[in-house]
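Structure file run.txt; described as compact mmCIF, C-alpha atoms.
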# COMPACT_ATOMS: atom_id res chain seq x y z
CA MET A 125 0.00 0.00 0.00
CA ILE A 126 1.16 3.53 -0.73
CA THR A 127 0.55 4.58 2.85
CA SER A 128 2.78 1.87 4.31
CA SER A 129 5.48 1.44 1.71
CA VAL A 130 7.25 3.19 -1.13
CA PHE A 131 8.06 1.00 -4.16
CA GLY A 132 7.91 -2.03 -1.86
CA ILE A 133 10.24 -0.50 0.75
CA PRO A 134 8.70 -0.11 4.23
CA TYR A 135 7.96 3.52 4.97
CA GLN A 136 9.93 3.38 8.22
CA ASP A 137 13.04 2.30 6.30
CA VAL A 138 12.61 5.13 3.81
CA VAL A 139 12.31 7.70 6.59
CA GLY A 140 15.32 6.20 8.35
CA ASP A 141 17.42 6.42 5.19
CA LEU A 142 16.38 10.03 4.64
CA GLU A 143 17.38 10.98 8.17
CA GLU A 144 20.70 9.15 7.81
CA ASN A 145 21.49 10.87 4.51
CA ALA A 146 20.56 14.26 5.96
CA GLU A 147 22.86 13.71 8.93
CA LEU A 148 25.66 12.63 6.59
CA LEU A 149 25.22 15.79 4.54
CA GLU A 150 25.35 17.85 7.71
CA GLU A 151 28.64 16.22 8.68
CA LEU A 152 30.05 16.80 5.22
CA SER A 153 29.26 20.48 5.41
CA LYS A 154 32.32 20.82 7.65
CA CYS A 155 35.67 19.08 7.74
CA ASN A 156 38.93 19.32 9.59
CA GLU A 157 41.39 18.18 6.97
CA SER A 158 44.66 20.04 6.66
CA GLN A 159 44.84 22.41 3.74
CA SER A 160 47.56 22.44 1.13
CA ASP A 161 49.16 25.45 2.78
CA GLY A 162 49.58 23.53 6.01
CA SER A 163 46.76 25.26 7.85
CA ASN A 164 43.90 23.46 9.52
CA ASP A 165 41.05 25.79 8.66
CA SER A 166 37.87 23.71 8.85
CA CYS A 167 35.90 26.51 7.20
CA ALA A 168 38.04 26.27 4.07
CA CYS A 169 36.50 22.90 3.26
CA SER A 170 33.00 23.72 4.45
CA VAL A 171 30.47 22.82 1.75
CA GLN A 172 27.81 25.47 2.21
CA PHE A 173 25.57 24.67 -0.74
CA ILE A 174 23.75 22.05 1.34
CA GLY A 175 20.29 22.30 2.82
CA ASN A 176 19.26 21.79 6.41
CA GLN A 177 18.00 18.36 7.45
CA TRP A 178 14.35 19.26 6.92
CA GLY A 179 15.17 20.19 3.33
CA PHE A 180 15.75 16.54 2.51
CA LEU A 181 12.16 15.70 3.30
CA MET A 182 11.77 16.44 -0.40
CA HIS A 183 12.82 12.82 -0.90
CA GLY A 184 9.61 11.79 0.84
CA PHE A 185 7.47 14.13 -1.25
CA MET A 186 9.08 12.78 -4.40
CA TYR A 187 8.41 9.15 -3.44
CA PHE A 188 4.84 9.95 -2.44
CA PHE A 189 3.88 11.72 -5.67
CA MET A 190 5.80 9.24 -7.80
CA ALA A 191 3.89 6.40 -6.14
CA GLY A 192 0.63 8.17 -6.97
CA THR A 193 1.77 8.69 -10.56
CA ILE A 194 2.73 5.04 -10.97
CA ALA A 195 -0.58 3.93 -9.46
CA TYR A 196 -2.47 6.09 -11.98
CA LEU A 197 -0.41 4.89 -14.95
CA VAL A 198 -0.79 1.25 -13.96
CA ALA A 199 -4.55 1.73 -13.58
CA ASN A 200 -4.67 3.06 -17.15
CA ILE A 201 -3.44 -0.30 -18.42
CA PHE A 202 -6.73 -1.83 -17.30
CA ARG A 203 -9.05 1.08 -18.07
CA ALA A 204 -10.93 1.03 -21.35
CA GLY A 205 -11.60 4.23 -23.25
CA ARG A 206 -13.46 5.12 -26.42
CA ASP A 207 -10.66 3.84 -28.68
CA GLY A 208 -9.22 1.11 -26.47
CA LYS A 209 -7.04 1.00 -23.39
CA VAL A 210 -6.46 4.44 -21.90
CA TYR A 211 -2.69 4.06 -21.61
CA ASN A 212 -2.37 3.72 -25.38
CA ASN A 213 -5.16 5.98 -26.65
CA PRO A 214 -3.57 8.44 -26.93
CA THR A 215 -0.02 7.40 -26.10
CA ILE A 216 1.10 10.09 -23.68
CA VAL A 217 3.49 7.94 -21.67
CA CYS A 218 5.21 6.26 -24.61
CA SER A 219 7.85 3.54 -24.34
CA MET A 220 10.63 6.13 -24.52
CA VAL A 221 9.23 8.01 -21.53
CA SER A 222 8.77 4.78 -19.57
CA ILE A 223 12.33 3.63 -20.24
CA LEU A 224 13.78 7.01 -19.30
CA ILE A 225 11.80 7.16 -16.05
CA ASN A 226 13.08 3.70 -15.13
CA LEU A 227 16.64 4.72 -15.97
CA THR A 228 16.26 7.81 -13.81
CA PHE A 229 15.40 5.77 -10.76
CA ILE A 230 18.04 3.14 -11.50
CA PHE A 231 20.63 5.93 -11.50
CA TYR A 232 19.01 7.50 -8.46
CA PHE A 233 19.01 4.38 -6.30
CA THR A 234 22.51 3.39 -7.45
CA TRP A 235 23.65 6.86 -6.41
CA ALA A 236 22.53 6.08 -2.85
CA PHE A 237 24.92 3.11 -2.67
CA LEU A 238 27.89 5.13 -3.91
CA TRP A 239 26.94 7.96 -1.58
CA ASP A 240 27.06 5.62 1.41
CA LYS A 241 30.58 4.60 0.34
CA SER A 242 31.65 8.27 0.10
CA GLU A 243 32.34 7.95 -3.62
CA TRP A 244 31.65 11.60 -4.31
CA ILE A 245 32.73 11.71 -7.95
CA GLY A 246 30.89 8.54 -8.92
CA SER A 247 27.75 9.58 -7.08
CA ALA A 248 27.84 13.00 -8.74
CA VAL A 249 28.11 11.37 -12.17
CA LEU A 250 25.10 9.16 -11.43
CA LEU A 251 23.03 12.13 -10.29
CA PHE A 252 23.99 13.99 -13.45
CA LEU A 253 22.83 11.02 -15.55
CA ALA A 254 19.62 10.81 -13.52
CA ALA A 255 18.99 14.51 -14.08
CA CYS A 256 19.58 14.13 -17.84
CA THR A 257 17.23 11.17 -18.26
CA SER A 258 14.66 12.92 -16.09
CA VAL A 259 14.80 16.09 -18.20
CA ILE A 260 14.41 14.14 -21.44
CA SER A 261 11.48 12.10 -20.10
CA LEU A 262 9.76 15.26 -18.85
CA VAL A 263 10.20 17.06 -22.17
CA LYS A 264 9.04 14.08 -24.23
CA PHE A 265 6.02 13.52 -22.00
CA SER A 266 5.11 17.21 -22.11
CA PHE A 267 5.32 17.38 -25.90
CA ASN A 268 3.14 14.27 -26.15
CA LEU A 269 0.61 15.82 -23.78
CA SER A 270 0.58 19.06 -25.76
CA THR A 271 0.03 17.16 -29.00
CA TYR A 272 -3.01 15.29 -27.66
CA THR A 273 -4.49 18.06 -25.49
CA GLU A 274 -7.49 18.59 -27.80
CA LYS A 275 -8.20 14.87 -28.05
CA LEU A 276 -8.00 14.35 -24.29
CA HIS A 277 -10.10 17.45 -23.60
CA HIS A 278 -12.98 16.15 -25.68
CA GLU A 279 -12.70 12.48 -24.74
CA SER A 280 -11.51 12.51 -21.12
CA ALA A 281 -10.99 15.89 -19.51
CA ILE A 282 -10.36 14.26 -16.13
CA ASP A 283 -7.40 12.31 -17.51
CA LEU A 284 -6.08 15.48 -19.13
CA TRP A 285 -6.00 17.25 -15.77
CA ILE A 286 -4.47 14.26 -14.00
CA TYR A 287 -1.72 14.20 -16.61
CA ARG A 288 -1.20 17.94 -16.17
CA ILE A 289 -1.39 18.26 -12.40
CA LEU A 290 -0.11 14.92 -11.14
CA VAL A 291 2.10 13.28 -13.76
CA GLN A 292 3.76 16.31 -15.35
CA ASN A 293 4.35 18.10 -12.05
CA THR A 294 5.70 14.91 -10.46
CA LEU A 295 8.19 14.44 -13.28
CA ALA A 296 9.18 18.09 -12.91
CA LEU A 297 9.63 17.64 -9.16
CA VAL A 298 11.91 14.65 -9.73
CA THR A 299 13.89 16.55 -12.37
CA VAL A 300 14.52 19.70 -10.35
CA TRP A 301 15.20 17.89 -7.08
CA THR A 302 17.65 15.53 -8.77
CA PHE A 303 19.43 18.46 -10.39
CA CYS A 304 19.70 20.28 -7.05
CA LEU A 305 21.07 17.11 -5.45
CA PHE A 306 23.61 16.88 -8.25
CA LEU A 307 24.81 20.42 -7.55
CA MET A 308 25.15 19.64 -3.84
CA ASN A 309 26.97 16.38 -4.55
CA PHE A 310 29.21 18.05 -7.13
CA ALA A 311 30.13 20.77 -4.63
CA ILE A 312 31.16 18.07 -2.16
CA ALA A 313 33.23 16.34 -4.85
CA LEU A 314 34.96 19.61 -5.74
CA VAL A 315 35.89 20.25 -2.12
CA HIS A 316 36.79 16.75 -0.95
CA ASN A 317 38.28 15.38 -4.18
CA GLY A 318 39.34 18.51 -6.01
CA ASN A 319 40.61 20.49 -3.00
CA ILE A 320 38.55 23.49 -4.06
CA TYR A 321 37.94 26.18 -1.46
CA GLY A 322 34.56 25.36 0.10
CA PRO A 323 32.81 28.73 -0.20
CA SER A 324 34.07 29.11 -3.78
CA ALA A 325 32.56 25.75 -4.75
CA SER A 326 29.27 26.77 -3.13
CA VAL A 327 29.19 30.11 -4.95
CA GLY A 328 29.94 28.28 -8.19
CA MET A 329 26.93 26.00 -7.72
CA ILE A 330 24.69 28.99 -7.00
CA ILE A 331 25.91 30.66 -10.20
CA VAL A 332 25.18 27.50 -12.19
CA LEU A 333 21.69 27.31 -10.69
CA THR A 334 21.11 31.00 -11.42
CA PHE A 335 22.15 30.50 -15.04
CA VAL A 336 19.77 27.55 -15.46
CA ILE A 337 16.90 29.58 -13.98
CA ALA A 338 17.74 32.56 -16.22
CA VAL A 339 17.64 30.35 -19.32
CA TRP A 340 14.59 28.31 -18.32
CA THR A 341 12.25 31.08 -17.14
CA PRO A 342 11.79 32.96 -20.45
CA LEU A 343 11.51 29.68 -22.34
CA ASP A 344 8.89 28.46 -19.89
CA VAL A 345 6.84 31.66 -19.89
CA MET A 346 7.12 32.89 -23.47
CA VAL A 347 8.20 30.06 -25.77
CA TRP A 348 6.83 26.80 -24.37
CA ASP A 349 3.67 28.03 -22.68
CA ARG A 350 1.45 25.48 -24.45
CA ILE A 351 3.72 22.68 -23.31
CA PHE A 352 4.52 23.60 -19.70
CA ARG A 353 1.70 25.97 -18.68
CA TYR A 354 0.46 23.98 -15.69
CA MET A 355 3.88 22.82 -14.50
CA ILE A 356 4.52 24.80 -11.31
CA THR A 357 6.59 22.42 -9.18
CA PRO A 358 10.04 23.48 -10.48
CA PHE A 359 9.98 26.85 -8.73
CA ALA A 360 8.29 25.36 -5.66
CA VAL A 361 11.14 22.85 -5.32
CA LEU A 362 13.73 25.59 -5.79
CA ILE A 363 12.10 27.66 -3.05
CA TRP A 364 12.21 24.65 -0.74
CA VAL A 365 15.86 23.91 -1.51
CA LEU A 366 17.09 27.49 -1.24
CA SER A 367 15.12 28.04 1.96
CA SER A 368 16.71 24.98 3.55
CA ILE A 369 20.18 26.16 2.47
CA TYR A 370 19.56 29.60 3.94
CA ASP A 371 18.22 28.08 7.15
CA ARG A 372 21.38 26.02 7.61
CA LEU A 373 23.64 28.95 6.81
CA LYS A 374 22.09 30.95 9.66
CA ASP A 375 23.47 28.44 12.18
CA ASP A 376 26.74 27.73 10.39
CA GLU A 377 29.64 29.48 12.09
CA CYS A 378 31.71 28.93 8.95
CA HIS A 379 29.19 30.41 6.54
CA ASP A 380 30.61 32.78 3.96
CA VAL A 381 28.83 36.12 3.61
CA THR A 382 28.95 35.89 -0.17
CA VAL A 383 27.25 32.50 -0.18
CA ARG A 384 24.54 33.75 2.16
CA VAL A 385 23.90 36.93 0.16
CA TYR A 386 23.75 35.04 -3.14
CA THR A 387 21.36 32.53 -1.61
CA VAL A 388 19.03 35.24 -0.28
CA VAL A 389 19.04 37.12 -3.58
CA LEU A 390 18.35 33.99 -5.61
CA LEU A 391 15.62 32.90 -3.20
CA THR A 392 13.95 36.30 -3.52
CA ILE A 393 14.11 36.12 -7.31
CA VAL A 394 12.66 32.60 -7.39
CA LEU A 395 9.85 33.58 -5.01
CA THR A 396 8.97 36.51 -7.25
CA ILE A 397 9.02 34.36 -10.37
CA PHE A 398 6.89 31.71 -8.66
CA VAL A 399 4.18 34.18 -7.66
CA GLY A 400 4.22 35.78 -11.10
CA ARG A 401 4.11 32.36 -12.74
CA ILE A 402 1.00 31.35 -10.80
CA LEU A 403 -0.78 34.62 -11.60
CA LEU A 404 0.15 34.31 -15.27
CA THR A 405 -1.07 30.71 -15.35
CA VAL A 406 -4.44 31.70 -13.88
CA TYR A 407 -4.79 34.55 -16.38
CA ARG A 408 -3.92 32.39 -19.35
CA HIS A 409 -6.18 29.59 -18.16
CA LEU A 410 -9.13 31.97 -18.05
CA TRP A 411 -8.45 34.00 -21.17
CA LYS A 412 -6.18 31.87 -23.36
CA PRO A 413 -7.19 28.21 -22.89
CA LEU A 414 -5.05 25.55 -24.52
CA ALA A 415 -8.06 23.59 -25.75
CA LYS A 416 -11.13 24.93 -27.50
CA ASN A 417 -14.24 25.27 -25.33
CA GLN A 418 -12.13 24.69 -22.23
Kindly return the structure encoded in the file as structure tokens.
Amino acid sequence: MITSSVFGIPYQDVVGDLEENAELLEELSKCNESQSDGSNDSCACSVQFIGNQWGFLMHGFMYFFMAGTIAYLVANIFRAGRDGKVYNNPTIVCSMVSILINLTFIFYFTWAFLWDKSEWIGSAVLLFLAACTSVISLVKFSFNLSTYTEKLHHESAIDLWIYRILVQNTLALVTVWTFCLFLMNFAIALVHNGNIYGPSASVGMIIVLTFVIAVWTPLDVMVWDRIFRYMITPFAVLIWVLSSIYDRLKDDECHDVTVRVYTVVLLTIVLTIFVGRILLTVYRHLWKPLAKNQ
């Protein structure tokens, strides 16, 4: 049952693993290794682009919504529509999307094993691969959904909204959360394997995230509106992640002022975009519907 297990794993075990990973991340945010100049400055290898422990509850949200998505998609195999089985008429979740989603979680769960063994480079590579497959599956699914919006609207409006609200937003949640985890993991790899100054690595990850947001936002709002209009979880996940990072920085005696300022500025920008995105979505839904007679 979804309420007692996640993908067959007892819920208690999932929660325990999340708490263990969060504690490990907290420990990795500081270190006491000697620096190349002979000093023993623990703050020099402090990875500050890491959220507080409560931030990693996003794992639980991801599992919960993914379980709901899988339950819905499996149910569609047995549901009959006007032209046959719902899962194949029209084919929104095609074989390519299914394979990519499976690959994403194979990479994701394999990452957990490497993470436990402190293989920072290998785990970062796996998260990068998971983020890539997740992005491709999300884009392919969204284009399929956009193509068959009219058909679904006239034949099964309920399924159209479930695809929009549950499936698409769940895939987006997985994509953004996995990408944020990759940035955190990569920052750890840079510090612990590449001997990069901790605050510099953290600032670098914030700059990368800012660049991605700067590229994605205009595409999302102006170019791909018909494809991603009802996808609001990306900015919600970013707000959660940045808030947890800021919360941890407040209690971190090693926190760098630059990292904290950049985090606050980016969080403010994302909050503003998120509010504007919701208002724009409501306006377009009322005045510029994607389907006729919607």
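Across the structure, atom CA of Ile312 of chain A and atom CA of Trp244 of chain A are spaced 6.8 Å apart.
If only C-alpha atoms are the atoms counted, then among A:Ile402, A:Leu238, A:Val298, A:Val210 the closest residue to Ile225 of chain A is A:Val298.
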(request) Go through A:Ser368, A:Ser242, A:Thr193, A:Ser258 and flag the residue nearest Leu227 of chain A, using all atoms listed in the file for the distances. (result) A:Ser258
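Distances to Phe267 of chain A were evaluated for A:Leu410, A:Val217, A:Met346, A:Val249 using only C-alpha atoms, and the minimum falls at A:Val217.
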(request) Can you work out the spacing between atom CA of Thr271 of chain A and atom CA of Arg203 of chain A in Å, to one decimal? (result) 21.5 Å
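Across the model, the gap from atom CA of Trp340 of chain A to atom CA of Trp301 of chain A is 15.3 Å.
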(message) Give me the residues near Ile363 of chain A as a ChimeraX atom specification, where near means some atom within 8 Å (using all atoms listed in the file) and where sequence neighbours in that chain fewer than 2 positions away do not count.
(response) /A:359-361,365-367,391,394-395
(request) Give the answer as one residue: which of A:Asn212, A:Asn268, A:Leu284, A:Thr302 has the shortest atom-to-atom distance to Trp235 of chain A, using all atoms listed in the file? (result) A:Thr302
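Using all atoms listed in the file, the shortest contact distance between Leu295 of chain A and any of A:Pro358, A:Gly184, A:Gly246, A:Gly328 is found at A:Pro358.
Nearest to Thr382 of chain A of all the residues A:Leu362, A:Ile330, A:Val345, A:Val315 is A:Ile330, counting all atoms listed in the file.
Shell of Thr234 of chain A at 12 Å, with all atoms listed in the file counted and residues fewer than 6 places along the chain excluded, is Leu227, Thr228, Asp240, Lys241, Glu243, Gly246, Ser247, Ala248, Val249, Leu250, Leu251, Leu253 and Ala254 of chain A.
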(message) Residues within 7 Å of Tyr370 of chain A, please, as a PyMOL selection string. Count only C-alpha atoms; anything in the same chain fewer than 4 positions from it doesn't count.
(response) chain A and resi 366+374+384+387
